[in-house]
file start_19.cif (mmCIF, C-alpha atoms and all ligand atoms)
data_structure
#
loop_
_atom_site.label_atom_id
_atom_site.label_comp_id
_atom_site.auth_asym_id
_atom_site.auth_seq_id
_atom_site.Cartn_x
_atom_site.Cartn_y
_atom_site.Cartn_z
CA MET A 78 0.00 0.00 0.00
CA ARG A 79 1.29 3.46 -0.85
CA ALA A 80 1.94 5.86 2.00
CA ARG A 81 -0.78 8.40 2.56
CA VAL A 82 -0.18 12.14 2.19
CA LEU A 83 -2.46 14.74 3.65
CA SER A 84 -2.36 18.49 3.53
CA GLY A 85 -4.77 21.36 3.97
CA ILE A 86 -5.31 24.92 2.83
CA GLN A 87 -7.74 27.51 4.13
CA PRO A 88 -10.34 28.93 1.73
CA THR A 89 -9.71 32.51 2.78
CA GLY A 90 -8.31 35.27 0.62
CA SER A 91 -7.16 34.26 -2.85
CA PRO A 92 -4.46 31.70 -3.48
CA HIS A 93 -1.32 33.47 -4.67
CA ILE A 94 2.04 32.67 -6.23
CA GLY A 95 3.53 32.12 -2.77
CA ASN A 96 0.99 29.35 -2.06
CA TYR A 97 1.57 27.91 -5.50
CA LEU A 98 5.37 27.88 -5.48
CA GLY A 99 5.66 27.03 -1.79
CA ALA A 100 3.08 24.26 -1.52
CA LEU A 101 0.47 23.65 -4.18
CA LYS A 102 2.86 22.90 -7.02
CA ASN A 103 4.43 20.27 -4.78
CA TRP A 104 1.01 18.79 -3.98
CA ALA A 105 0.39 18.27 -7.67
CA ARG A 106 3.83 16.75 -8.16
CA ILE A 107 3.72 14.21 -5.34
CA GLN A 108 0.14 13.04 -5.89
CA TYR A 109 1.34 10.27 -8.18
CA ASP A 110 3.76 8.85 -5.62
CA TYR A 111 1.36 8.62 -2.67
CA GLU A 112 -2.25 8.14 -1.85
CA SER A 113 -3.08 11.82 -1.51
CA ILE A 114 -5.82 13.65 0.30
CA TYR A 115 -5.99 17.42 -0.07
CA CYS A 116 -8.32 19.24 2.21
CA ILE A 117 -9.97 22.65 1.89
CA VAL A 118 -10.18 23.47 5.58
CA ASP A 119 -13.27 25.64 5.89
CA LEU A 120 -13.70 24.77 9.57
CA HIS A 121 -10.28 26.24 10.24
CA ALA A 122 -11.23 29.36 8.28
CA VAL A 123 -14.16 30.13 10.60
CA THR A 124 -11.89 30.30 13.65
CA LEU A 125 -11.81 33.95 12.55
CA TYR A 126 -15.04 35.58 11.33
CA GLN A 127 -15.70 35.06 7.62
CA ASP A 128 -18.45 36.64 5.58
CA PRO A 129 -20.70 33.61 4.83
CA GLN A 130 -21.41 34.41 1.20
CA GLU A 131 -17.79 35.12 0.50
CA LEU A 132 -16.62 31.96 2.25
CA ARG A 133 -19.00 29.83 0.18
CA ALA A 134 -17.63 31.39 -3.00
CA LYS A 135 -14.01 31.05 -1.88
CA ILE A 136 -14.37 27.32 -1.22
CA LEU A 137 -15.48 26.70 -4.80
CA GLU A 138 -12.89 29.10 -6.17
CA LEU A 139 -10.11 27.33 -4.29
CA ALA A 140 -11.34 23.90 -5.38
CA GLY A 141 -11.39 25.09 -9.01
CA MET A 142 -7.90 26.50 -8.60
CA LEU A 143 -6.51 23.30 -7.09
CA LEU A 144 -7.83 21.43 -10.11
CA ALA A 145 -6.40 24.08 -12.44
CA ILE A 146 -2.90 23.80 -10.99
CA GLY A 147 -2.96 20.08 -11.61
CA ILE A 148 -4.55 18.27 -8.68
CA ASP A 149 -5.95 15.29 -10.52
CA PRO A 150 -9.16 13.93 -9.01
CA LYS A 151 -8.36 10.50 -10.43
CA HIS A 152 -5.30 10.35 -8.20
CA SER A 153 -6.11 12.65 -5.28
CA ALA A 154 -9.13 13.04 -3.09
CA LEU A 155 -10.06 16.70 -2.99
CA VAL A 156 -12.13 17.18 0.14
CA VAL A 157 -13.91 20.02 1.85
CA GLN A 158 -13.31 19.49 5.55
CA SER A 159 -16.85 20.28 6.72
CA ALA A 160 -18.31 17.82 4.20
CA VAL A 161 -16.80 14.96 6.19
CA PRO A 162 -18.26 15.31 9.71
CA GLU A 163 -15.73 12.84 11.12
CA HIS A 164 -13.18 15.70 11.19
CA THR A 165 -15.16 17.45 13.91
CA GLU A 166 -16.13 14.20 15.61
CA LEU A 167 -12.50 13.17 16.01
CA ALA A 168 -11.48 16.71 16.97
CA TRP A 169 -13.78 16.54 20.01
CA MET A 170 -12.38 13.22 21.14
CA LEU A 171 -8.84 14.58 20.77
CA THR A 172 -9.77 17.79 22.58
CA CYS A 173 -10.51 15.68 25.63
CA VAL A 174 -6.95 14.33 25.81
CA THR A 175 -5.21 17.64 25.03
CA PRO A 176 -3.95 19.71 27.96
CA VAL A 177 -4.93 23.38 27.63
CA GLY A 178 -1.33 24.34 28.38
CA TRP A 179 -0.16 22.68 25.17
CA LEU A 180 -2.55 24.86 23.17
CA GLU A 181 -1.70 28.06 25.00
CA ARG A 182 1.93 27.57 24.00
CA MET A 183 1.19 27.59 20.26
CA THR A 184 2.77 30.69 18.79
CA GLN A 185 0.33 31.08 15.90
CA HIS A 186 -2.63 31.23 18.26
CA LYS A 187 -0.91 33.95 20.24
CA ALA A 188 -0.19 36.00 17.13
CA LYS A 189 -3.75 35.68 15.82
CA ALA A 190 -5.30 36.37 19.21
CA GLU A 191 -3.36 39.62 19.54
CA ALA A 192 -5.21 41.10 16.60
CA GLN A 193 -8.69 40.19 17.98
CA GLU A 194 -10.95 41.92 20.46
CA THR A 195 -12.54 38.67 21.58
CA ILE A 196 -11.09 35.28 20.87
CA GLY A 197 -13.29 32.37 19.92
CA ASP A 198 -12.48 29.08 21.63
CA GLY A 199 -12.00 27.73 18.10
CA LEU A 200 -8.80 29.71 17.74
CA LEU A 201 -7.34 27.83 20.70
CA GLN A 202 -8.70 24.51 19.38
CA TYR A 203 -7.39 25.14 15.87
CA PRO A 204 -4.38 22.80 16.18
CA VAL A 205 -6.54 20.03 17.67
CA LEU A 206 -8.75 20.16 14.59
CA MET A 207 -5.62 20.07 12.45
CA ALA A 208 -4.40 17.04 14.42
CA ALA A 209 -7.78 15.43 13.72
CA ASP A 210 -7.40 16.10 9.97
CA ILE A 211 -4.09 14.27 10.00
CA LEU A 212 -4.91 11.42 12.39
CA LEU A 213 -8.30 10.75 10.82
CA TYR A 214 -6.55 9.36 7.75
CA GLN A 215 -3.49 8.00 9.57
CA ALA A 216 -1.45 10.15 7.20
CA ALA A 217 2.25 9.29 7.12
CA ILE A 218 3.38 12.39 5.27
CA VAL A 219 2.15 15.90 5.91
CA PRO A 220 3.73 18.54 3.68
CA VAL A 221 3.45 21.88 5.43
CA GLY A 222 5.51 25.04 5.66
CA GLU A 223 7.76 26.02 8.51
CA ASP A 224 4.93 28.01 10.15
CA GLN A 225 2.91 24.81 10.67
CA LYS A 226 5.69 22.71 12.13
CA GLN A 227 4.67 23.41 15.70
CA HIS A 228 1.13 22.28 14.94
CA LEU A 229 2.42 19.09 13.38
CA GLU A 230 4.50 18.33 16.43
CA LEU A 231 1.45 18.89 18.58
CA ALA A 232 -0.45 16.37 16.45
CA ARG A 233 2.23 13.83 17.29
CA ASP A 234 2.04 14.68 20.99
CA ILE A 235 -1.74 14.31 20.96
CA ALA A 236 -1.51 10.97 19.14
CA GLN A 237 1.06 9.74 21.63
CA ARG A 238 -0.99 10.83 24.60
CA PHE A 239 -4.09 9.16 23.21
CA ASN A 240 -2.17 5.96 22.56
CA SER A 241 -0.75 5.90 26.07
CA LEU A 242 -4.14 6.54 27.68
CA TYR A 243 -6.27 4.25 25.53
CA GLY A 244 -3.90 1.88 23.77
CA GLU A 245 -2.19 1.96 20.37
CA THR A 246 -4.70 3.63 18.06
CA PHE A 247 -2.87 6.15 15.93
CA VAL A 248 0.03 5.88 13.53
CA MET A 249 2.53 8.68 14.18
CA PRO A 250 2.51 11.25 11.41
CA ALA A 251 5.94 12.15 10.05
CA THR A 252 7.62 15.20 11.46
CA HIS A 253 10.20 15.24 8.72
CA LEU A 254 8.79 17.35 5.99
CA PRO A 255 9.76 16.93 2.41
CA THR A 256 11.09 20.15 0.95
CA VAL A 257 8.04 21.98 -0.20
CA GLY A 258 9.54 24.47 -2.58
CA ALA A 259 10.33 28.13 -2.61
CA ARG A 260 9.54 30.46 0.26
CA ILE A 261 8.13 33.54 -1.45
CA MET A 262 8.02 36.81 0.42
CA GLY A 263 5.62 39.77 0.16
CA LEU A 264 6.29 42.04 -2.81
CA ASP A 265 5.73 45.15 -0.70
CA ASP A 266 7.58 43.75 2.31
CA PRO A 267 10.22 41.15 1.45
CA GLU A 268 10.91 40.46 5.14
CA THR A 269 7.57 38.67 5.66
CA LYS A 270 6.23 35.57 3.95
CA MET A 271 3.64 36.25 1.24
CA SER A 272 0.30 35.87 2.97
CA LYS A 273 -3.30 35.53 1.87
CA SER A 274 -4.55 37.67 4.69
CA ALA A 275 -2.02 40.49 4.42
CA VAL A 276 -3.78 43.65 3.40
CA GLY A 277 -2.38 45.84 0.68
CA SER A 278 -2.92 45.30 -3.00
CA GLY A 279 0.81 45.33 -3.69
CA HIS A 280 1.55 42.42 -1.38
CA ALA A 281 0.76 39.28 -3.34
CA VAL A 282 0.14 38.20 -6.91
CA SER A 283 -3.08 36.21 -6.89
CA LEU A 284 -3.18 33.24 -9.25
CA LEU A 285 -6.19 34.85 -10.93
CA ASP A 286 -4.75 38.35 -11.33
CA PRO A 287 -4.99 39.64 -14.91
CA PRO A 288 -1.64 40.31 -16.65
CA ALA A 289 -1.85 44.08 -16.19
CA ALA A 290 -2.32 43.71 -12.42
CA ILE A 291 0.56 41.22 -12.19
CA ARG A 292 2.88 43.59 -14.04
CA LYS A 293 1.85 46.55 -11.94
CA LYS A 294 2.45 44.73 -8.64
CA ILE A 295 5.84 43.40 -9.70
CA MET A 296 7.00 46.73 -11.17
CA ARG A 297 6.14 48.42 -7.86
CA SER A 298 7.72 45.78 -5.62
CA THR A 299 10.20 46.83 -2.96
CA THR A 300 13.89 46.52 -3.89
CA ASP A 301 16.84 48.39 -2.40
CA SER A 302 19.07 51.34 -3.18
CA ASN A 303 21.68 49.43 -5.21
CA PRO A 304 21.73 50.42 -8.88
CA ALA A 305 21.65 46.90 -10.32
CA VAL A 306 21.61 43.19 -9.49
CA ASP A 307 24.69 42.10 -7.59
CA PHE A 308 24.72 38.46 -6.44
CA GLN A 309 27.36 39.25 -3.80
CA ALA A 310 25.29 41.97 -2.09
CA MET A 311 21.61 41.78 -2.66
CA GLY A 312 18.66 42.90 -0.58
CA ALA A 313 15.69 40.71 0.34
CA GLY A 314 13.41 42.26 -2.29
CA VAL A 315 15.75 41.53 -5.20
CA ARG A 316 16.42 38.05 -3.88
CA ASN A 317 12.68 37.45 -3.73
CA LEU A 318 12.16 38.57 -7.33
CA LEU A 319 14.95 36.25 -8.44
CA SER A 320 13.42 33.36 -6.47
CA ILE A 321 10.08 33.93 -8.15
CA TYR A 322 11.73 33.96 -11.56
CA GLN A 323 13.75 30.86 -10.80
CA ALA A 324 10.81 28.92 -9.38
CA PHE A 325 8.59 29.66 -12.37
CA THR A 326 11.20 29.09 -15.07
CA GLY A 327 13.35 26.36 -13.52
CA THR A 328 16.53 28.27 -14.42
CA ASP A 329 19.56 26.95 -12.51
CA GLY A 330 21.76 29.05 -10.23
CA ASP A 331 24.65 29.63 -12.66
CA ALA A 332 22.34 30.58 -15.47
CA MET A 333 20.52 32.98 -13.11
CA GLU A 334 23.79 34.75 -12.31
CA ALA A 335 24.82 34.96 -15.94
CA GLN A 336 21.43 36.30 -16.96
CA PHE A 337 20.84 38.86 -14.22
CA THR A 338 24.21 40.13 -12.93
CA GLY A 339 24.41 43.89 -13.51
CA MET A 340 20.82 44.16 -14.70
CA ARG A 341 18.95 47.28 -13.66
CA TYR A 342 15.96 46.65 -11.41
CA GLY A 343 13.43 47.96 -13.93
CA ASP A 344 14.58 45.39 -16.46
CA LEU A 345 14.74 42.63 -13.86
CA LYS A 346 11.16 43.37 -12.88
CA LYS A 347 10.01 43.29 -16.48
CA GLN A 348 11.55 39.85 -16.97
CA VAL A 349 10.05 38.55 -13.73
CA ALA A 350 6.63 39.90 -14.68
CA ASP A 351 6.87 38.27 -18.14
CA ALA A 352 7.73 34.92 -16.54
CA VAL A 353 4.88 35.12 -14.04
CA VAL A 354 2.33 36.18 -16.66
CA ALA A 355 3.43 33.40 -19.02
CA SER A 356 3.31 30.76 -16.27
CA LEU A 357 -0.08 31.77 -14.93
CA GLU A 358 -1.73 32.04 -18.32
CA PRO A 359 -2.33 28.30 -18.83
CA ILE A 360 -3.42 27.91 -15.19
CA GLN A 361 -5.95 30.70 -15.56
CA LYS A 362 -7.20 29.26 -18.84
CA ARG A 363 -7.76 25.86 -17.19
CA TYR A 364 -9.40 27.50 -14.20
CA HIS A 365 -11.93 29.27 -16.39
CA GLU A 366 -12.69 26.08 -18.30
CA ILE A 367 -13.14 24.14 -15.07
CA VAL A 368 -15.53 26.57 -13.42
CA ALA A 369 -17.46 27.00 -16.67
CA GLU A 370 -18.48 23.34 -16.65
CA PRO A 371 -21.74 23.23 -14.70
CA GLY A 372 -21.59 21.07 -11.59
CA TYR A 373 -18.07 19.78 -12.26
CA VAL A 374 -16.32 21.17 -9.18
CA ALA A 375 -19.21 20.13 -6.92
CA ARG A 376 -19.03 16.62 -8.35
CA VAL A 377 -15.29 16.35 -7.73
CA LEU A 378 -15.80 17.48 -4.13
CA ARG A 379 -18.65 15.02 -3.60
CA GLU A 380 -16.57 12.16 -4.98
CA GLY A 381 -13.62 13.23 -2.83
CA ALA A 382 -15.77 13.10 0.30
CA GLU A 383 -17.20 9.73 -0.70
CA ARG A 384 -13.74 8.32 -1.28
CA VAL A 385 -12.34 9.29 2.12
CA THR A 386 -15.43 8.74 4.28
CA PRO A 387 -14.88 5.00 4.84
CA ILE A 388 -11.34 5.70 6.14
CA ALA A 389 -12.58 8.51 8.37
CA ARG A 390 -15.47 6.43 9.70
CA ASP A 391 -13.20 3.53 10.46
CA THR A 392 -10.82 5.74 12.48
CA CYS A 393 -13.64 7.38 14.43
CA ASP A 394 -15.16 4.01 15.28
CA LYS A 395 -11.79 2.71 16.47
CA VAL A 396 -11.31 5.80 18.63
CA LYS A 397 -14.83 5.58 20.05
CA HIS A 398 -14.30 1.92 20.85
CA ALA A 399 -10.94 2.62 22.50
CA MET A 400 -12.53 5.29 24.70
CA GLY A 401 -15.56 3.21 25.61
CA LEU A 402 -17.98 5.50 23.81
CA TYR A 403 -21.23 4.02 22.58
CA THR A 404 -21.14 2.39 19.17
CA ALA A 405 -24.38 0.86 17.96
N1 LIG A 501 -3.19 25.03 9.40
C1 LIG A 501 -2.79 24.81 8.03
C2 LIG A 501 -2.37 26.15 7.42
O1 LIG A 501 -2.90 27.19 7.76
C3 LIG A 501 -3.91 24.22 7.23
C4 LIG A 501 -4.25 22.85 7.67
C5 LIG A 501 -5.38 22.47 8.32
C6 LIG A 501 -3.47 21.67 7.48
N2 LIG A 501 -5.38 21.12 8.52
C7 LIG A 501 -4.24 20.60 8.04
C8 LIG A 501 -2.22 21.41 6.91
C9 LIG A 501 -3.74 19.31 8.04
C10 LIG A 501 -1.74 20.11 6.91
C11 LIG A 501 -2.51 19.07 7.48
O2 LIG A 501 -1.51 26.15 6.56
#
call {"tool": "encode", "arguments": {"input": "start_19.cif", "output": "C-alpha cells", "more": "lines below"}}
Ligand code: TRP
result
Amino acid sequence: MRARVLSGIQPTGSPHIGNYLGALKNWARIQYDYESIYCIVDLHAVTLYQDPQELRAKILELAGMLLAIGIDPKHSALVVQSAVPEHTELAWMLTCVTPVGWLERMTQHKAKAEAQETIGDGLLQYPVLMAADILLYQAAIVPVGEDQKQHLELARDIAQRFNSLYGETFVMPATHLPTVGARIMGLDDPETKMSKSAVGSGHAVSLLDPPAAIRKKIMRSTTDSNPAVDFQAMGAGVRNLLSIYQAFTGTDGDAMEAQFTGMRYGDLKKQVADAVVASLEPIQKRYHEIVAEPGYVARVLREGAERVTPIARDTCDKVKHAMGLYTA
C-alpha cells in the first residue's frame, strides 16, 4: 500500500504565487507517488469571522484553482473538511486528551489572538482540529511550511498521549517534511512571507490576477538602493524577485547569475513579470474552463468526500471503541 499524504489549505483570501510555489505545485507533483488527500479546511477558516457568502464562493474558487494547478481527481481526493463530519467528531475526542497548556503555548494562536478583540475558543482549538485532519486518515506524510511545524509536532504529541491513555490507536505522522519548494516573500515587504490575509494590494500576486495587475504589482515591488543586481550583495526584495523567476522558469543558479548580474531593477522586474504572466496564463485558462463546466467542481468534491469517508469512519469508530464510547 502506498503511504498516505495529507495536507490542507484555508479557503480565505485568494491563493497566490507564494501558495503555488511554496506548496500547491508540490502537492500536484507528489500526488502520483502517494495516496493523496488534499483538504480545503473551511472549519479552520471560521476560527476567525468570515463573511458567509464570501466563504462559500471562496471554497469553490479554491477547489477550481486546485484542479487548475494540476490536482488530478483521479489520483487525489479533494475534500472540503466540513463535508466529512468525522473531522469534527475526532477533533472533540482529541480535545478531551489535550492539555490546555499545550494549546496556549502555540505561537500562531498567540499572534492571531493579539489582533482580535474577543477570541473564539475555536482559535485555541485550531491545532486540535488540524491534528484530527491528520490522524483521521493515519497520514504518514504531511507537507506543510515552517509556520505549521509546531502544529504538526502537537499532532504527534496528541496521538502519543491518546495511545498511552487508551492503547495503540494512531500511527505517528511524520515530522520530517519533504522540501516543499520556494519560500516567497511579500512584494511590498520582502521580510515577511507572502500571505493571503495580508492587506495591501501590492503584497501578493493572486493566481487569478490579470496580466496588467501582475505587471503593476511586480513593477512596484520593494527593492533596495543598489543600482543593479549584484549576487554578492543583494537585498531581500531583489532576492525574492529572483526566487520567483527561478521557481517559475526552472533556471539553474549559474544561469541565473549569468542572466541577471548587472541588470537594472526595472529590467529585472520586467523579466520577472513576463515569466509570471506566461506561467499563470495556462493555469488561468484551465481554471476558467473548469468553473465554466456546470456542476463539475461540486461533483469532484462530492466524490472526494465519498472516497475518504470509509477511512474517516473507520478511524472514528476505532477511537470511540478505544474510549468506551457508545457504538451501535
Ligand atoms: N493550518 C494549516 C495552514 O494554515 C492548514 C491545515 C489544516 C493543514 N489542517 C491541516 C495542513 C492538516 C496540513 C494538514 O496552513
call {"tool": "closest_atom_pairs", "arguments": {"input": "start_19.cif", "of": "stretch 86-192 of chain A", "to": "stretch 352-365 of chain A", "cutoff": "10 Å", "atoms": "only C-alpha atoms", "output": "tab-separated table"}}
result
residue	atom	partner	partner_atom	distance
A:Ile94	CA	A:Val353	CA	8.7
A:Glu138	CA	A:Tyr364	CA	8.9
A:Leu139	CA	A:Tyr364	CA	9.9
A:Ala140	CA	A:Tyr364	CA	9.7
A:Gly141	CA	A:Tyr364	CA	6.1
A:Met142	CA	A:Tyr364	CA	5.9
A:Leu143	CA	A:Tyr364	CA	8.7
A:Leu144	CA	A:Tyr364	CA	7.5
A:Ala145	CA	A:Tyr364	CA	4.9
A:Ile146	CA	A:Ile360	CA	5.9
A:Gly147	CA	A:Ile360	CA	8.6
call {"tool": "residues_near_ligand", "arguments": {"input": "start_19.cif", "ligand": "ligand LIG 501 (chain A)", "cutoff": "10 Å", "atoms": "all atoms listed in the file", "output": "JSON, numbers by chain"}}
result
{"A": [82, 83, 84, 85, 86, 87, 88, 89, 96, 100, 114, 115, 116, 117, 118, 119, 120, 121, 122, 158, 164, 185, 203, 204, 205, 206, 207, 208, 209, 210, 211, 212, 216, 218, 219, 220, 221, 222, 223, 224, 225, 226, 228, 229, 232]}
call {"tool": "atom_distance", "arguments": {"input": "start_19.cif", "atom1": "atom CA of A:Met400", "atom2": "atom CA of A:Val248"}}
result
16.8 Å
call {"tool": "residues_around", "arguments": {"input": "start_19.cif", "residues": "A:Leu171", "least_positions_apart": "2", "cutoff": "9 Å", "atoms": "all atoms listed in the file", "output": "list in words"}}
result
Glu166, Leu167, Ala168, Trp169, Cys173, Val174, Thr175, Val205, Leu206, Ala208, Ala209, Ile235, Ala236 and Phe239 of chain A
call {"tool": "residues_near_point", "arguments": {"input": "start_19.cif", "point": "(-19.3, 17.3, -4.9)", "cutoff": "12 Å", "atoms": "only C-alpha atoms", "output": "PDB file with C-alpha atoms, in the coordinates of the input"}}
result
ATOM      1  CA  ILE A 136     -14.370  27.320  -1.220  1.00  0.00           C
ATOM      2  CA  LEU A 137     -15.480  26.700  -4.800  1.00  0.00           C
ATOM      3  CA  ALA A 140     -11.340  23.900  -5.380  1.00  0.00           C
ATOM      4  CA  GLY A 141     -11.390  25.090  -9.010  1.00  0.00           C
ATOM      5  CA  PRO A 150      -9.160  13.930  -9.010  1.00  0.00           C
ATOM      6  CA  ALA A 154      -9.130  13.040  -3.090  1.00  0.00           C
ATOM      7  CA  LEU A 155     -10.060  16.700  -2.990  1.00  0.00           C
ATOM      8  CA  VAL A 156     -12.130  17.180   0.140  1.00  0.00           C
ATOM      9  CA  VAL A 157     -13.910  20.020   1.850  1.00  0.00           C
ATOM     10  CA  ALA A 160     -18.310  17.820   4.200  1.00  0.00           C
ATOM     11  CA  VAL A 161     -16.800  14.960   6.190  1.00  0.00           C
ATOM     12  CA  PRO A 371     -21.740  23.230 -14.700  1.00  0.00           C
ATOM     13  CA  GLY A 372     -21.590  21.070 -11.590  1.00  0.00           C
ATOM     14  CA  TYR A 373     -18.070  19.780 -12.260  1.00  0.00           C
ATOM     15  CA  VAL A 374     -16.320  21.170  -9.180  1.00  0.00           C
ATOM     16  CA  ALA A 375     -19.210  20.130  -6.920  1.00  0.00           C
ATOM     17  CA  ARG A 376     -19.030  16.620  -8.350  1.00  0.00           C
ATOM     18  CA  VAL A 377     -15.290  16.350  -7.730  1.00  0.00           C
ATOM     19  CA  LEU A 378     -15.800  17.480  -4.130  1.00  0.00           C
ATOM     20  CA  ARG A 379     -18.650  15.020  -3.600  1.00  0.00           C
ATOM     21  CA  GLU A 380     -16.570  12.160  -4.980  1.00  0.00           C
ATOM     22  CA  GLY A 381     -13.620  13.230  -2.830  1.00  0.00           C
ATOM     23  CA  ALA A 382     -15.770  13.100   0.300  1.00  0.00           C
ATOM     24  CA  GLU A 383     -17.200   9.730  -0.700  1.00  0.00           C
ATOM     25  CA  ARG A 384     -13.740   8.320  -1.280  1.00  0.00           C
TER      26      ARG A 384
END
call {"tool": "residues_around", "arguments": {"input": "start_19.cif", "residues": "A:Val396", "least_positions_apart": "6", "cutoff": "9 Å", "atoms": "all atoms listed in the file", "output": "list in words"}}
result
Leu167, Met170, Tyr243, Thr246, Phe247 and Leu402 of chain A
call {"tool": "closest_residue", "arguments": {"input": "start_19.cif", "among": "A:Asn240, A:Ser91, A:Thr328, A:Ser298", "to": "A:Lys347", "atoms": "only C-alpha atoms"}}
result
A:Ser298
call {"tool": "atom_distance", "arguments": {"input": "start_19.cif", "atom1": "atom CA of A:Gly339", "atom2": "atom CA of A:Phe325"}}
result
21.3 Å
call {"tool": "residues_near_point", "arguments": {"input": "start_19.cif", "point": "(22.2, 41.8, -15.8)", "cutoff": "12 Å", "atoms": "all atoms listed in the file", "output": "list in words"}}
result
Pro304, Ala305, Val306, Asp307, Phe308, Leu319, Ala332, Met333, Glu334, Ala335, Gln336, Phe337, Thr338, Gly339, Met340, Arg341, Tyr342, Gly343, Asp344, Leu345, Lys346 and Gln348 of chain A
call {"tool": "write_last_selection", "arguments": {"input": "start_19.cif", "atoms": "C-alpha atoms", "output": "CSV table (one decimal), in the coordinates of the input"}}
result
chain,number,residue,atom,x,y,z
A,304,PRO,CA,21.7,50.4,-8.9
A,305,ALA,CA,21.6,46.9,-10.3
A,306,VAL,CA,21.6,43.2,-9.5
A,307,ASP,CA,24.7,42.1,-7.6
A,308,PHE,CA,24.7,38.5,-6.4
A,319,LEU,CA,15.0,36.2,-8.4
A,332,ALA,CA,22.3,30.6,-15.5
A,333,MET,CA,20.5,33.0,-13.1
A,334,GLU,CA,23.8,34.8,-12.3
A,335,ALA,CA,24.8,35.0,-15.9
A,336,GLN,CA,21.4,36.3,-17.0
A,337,PHE,CA,20.8,38.9,-14.2
A,338,THR,CA,24.2,40.1,-12.9
A,339,GLY,CA,24.4,43.9,-13.5
A,340,MET,CA,20.8,44.2,-14.7
A,341,ARG,CA,19.0,47.3,-13.7
A,342,TYR,CA,16.0,46.6,-11.4
A,343,GLY,CA,13.4,48.0,-13.9
A,344,ASP,CA,14.6,45.4,-16.5
A,345,LEU,CA,14.7,42.6,-13.9
A,346,LYS,CA,11.2,43.4,-12.9
A,348,GLN,CA,11.6,39.8,-17.0
call {"tool": "closest_residue", "arguments": {"input": "start_19.cif", "among": "A:Val123, A:Leu231, A:Ile196, A:Val282", "to": "A:Pro176", "atoms": "only C-alpha atoms"}}
result
A:Leu231
call {"tool": "build_atoms", "arguments": {"input": "start_19.cif", "residues": "stretch 139-144 of chain A", "atoms": "all heavy atoms", "output": "PDB file, in the frame of the given file"}}
result
ATOM      1  N   LEU A 139     -11.350  28.029  -4.637  1.00  0.00           N
ATOM      2  CA  LEU A 139     -10.110  27.330  -4.290  1.00  0.00           C
ATOM      3  C   LEU A 139     -10.110  25.913  -4.878  1.00  0.00           C
ATOM      4  O   LEU A 139      -9.091  25.451  -5.401  1.00  0.00           O
ATOM      5  CB  LEU A 139      -9.940  27.285  -2.770  1.00  0.00           C
ATOM      6  CG  LEU A 139      -8.685  26.596  -2.239  1.00  0.00           C
ATOM      7  CD1 LEU A 139      -7.414  27.199  -2.831  1.00  0.00           C
ATOM      8  CD2 LEU A 139      -8.636  26.697  -0.701  1.00  0.00           C
ATOM      9  N   ALA A 140     -11.262  25.246  -4.809  1.00  0.00           N
ATOM     10  CA  ALA A 140     -11.340  23.900  -5.380  1.00  0.00           C
ATOM     11  C   ALA A 140     -11.038  23.952  -6.877  1.00  0.00           C
ATOM     12  O   ALA A 140     -10.255  23.153  -7.401  1.00  0.00           O
ATOM     13  CB  ALA A 140     -12.717  23.289  -5.125  1.00  0.00           C
ATOM     14  N   GLY A 141     -11.637  24.925  -7.569  1.00  0.00           N
ATOM     15  CA  GLY A 141     -11.390  25.090  -9.010  1.00  0.00           C
ATOM     16  C   GLY A 141      -9.919  25.352  -9.279  1.00  0.00           C
ATOM     17  O   GLY A 141      -9.324  24.822 -10.224  1.00  0.00           O
ATOM     18  N   MET A 142      -9.313  26.155  -8.419  1.00  0.00           N
ATOM     19  CA  MET A 142      -7.900  26.500  -8.600  1.00  0.00           C
ATOM     20  C   MET A 142      -7.000  25.294  -8.360  1.00  0.00           C
ATOM     21  O   MET A 142      -6.026  25.076  -9.084  1.00  0.00           O
ATOM     22  CB  MET A 142      -7.534  27.666  -7.681  1.00  0.00           C
ATOM     23  CG  MET A 142      -6.141  28.199  -7.909  1.00  0.00           C
ATOM     24  SD  MET A 142      -5.692  28.453  -9.641  1.00  0.00           S
ATOM     25  CE  MET A 142      -6.432  30.041  -9.959  1.00  0.00           C
ATOM     26  N   LEU A 143      -7.331  24.487  -7.353  1.00  0.00           N
ATOM     27  CA  LEU A 143      -6.510  23.300  -7.090  1.00  0.00           C
ATOM     28  C   LEU A 143      -6.564  22.350  -8.295  1.00  0.00           C
ATOM     29  O   LEU A 143      -5.554  21.748  -8.670  1.00  0.00           O
ATOM     30  CB  LEU A 143      -6.981  22.597  -5.809  1.00  0.00           C
ATOM     31  CG  LEU A 143      -6.679  23.384  -4.526  1.00  0.00           C
ATOM     32  CD1 LEU A 143      -7.350  22.740  -3.319  1.00  0.00           C
ATOM     33  CD2 LEU A 143      -5.179  23.490  -4.289  1.00  0.00           C
ATOM     34  N   LEU A 144      -7.721  22.254  -8.899  1.00  0.00           N
ATOM     35  CA  LEU A 144      -7.830  21.430 -10.110  1.00  0.00           C
ATOM     36  C   LEU A 144      -7.023  22.060 -11.247  1.00  0.00           C
ATOM     37  O   LEU A 144      -6.318  21.371 -11.982  1.00  0.00           O
ATOM     38  CB  LEU A 144      -9.292  21.259 -10.508  1.00  0.00           C
ATOM     39  CG  LEU A 144     -10.152  20.472  -9.505  1.00  0.00           C
ATOM     40  CD1 LEU A 144     -11.639  20.571  -9.854  1.00  0.00           C
ATOM     41  CD2 LEU A 144      -9.716  19.004  -9.457  1.00  0.00           C
TER      42      LEU A 144
END
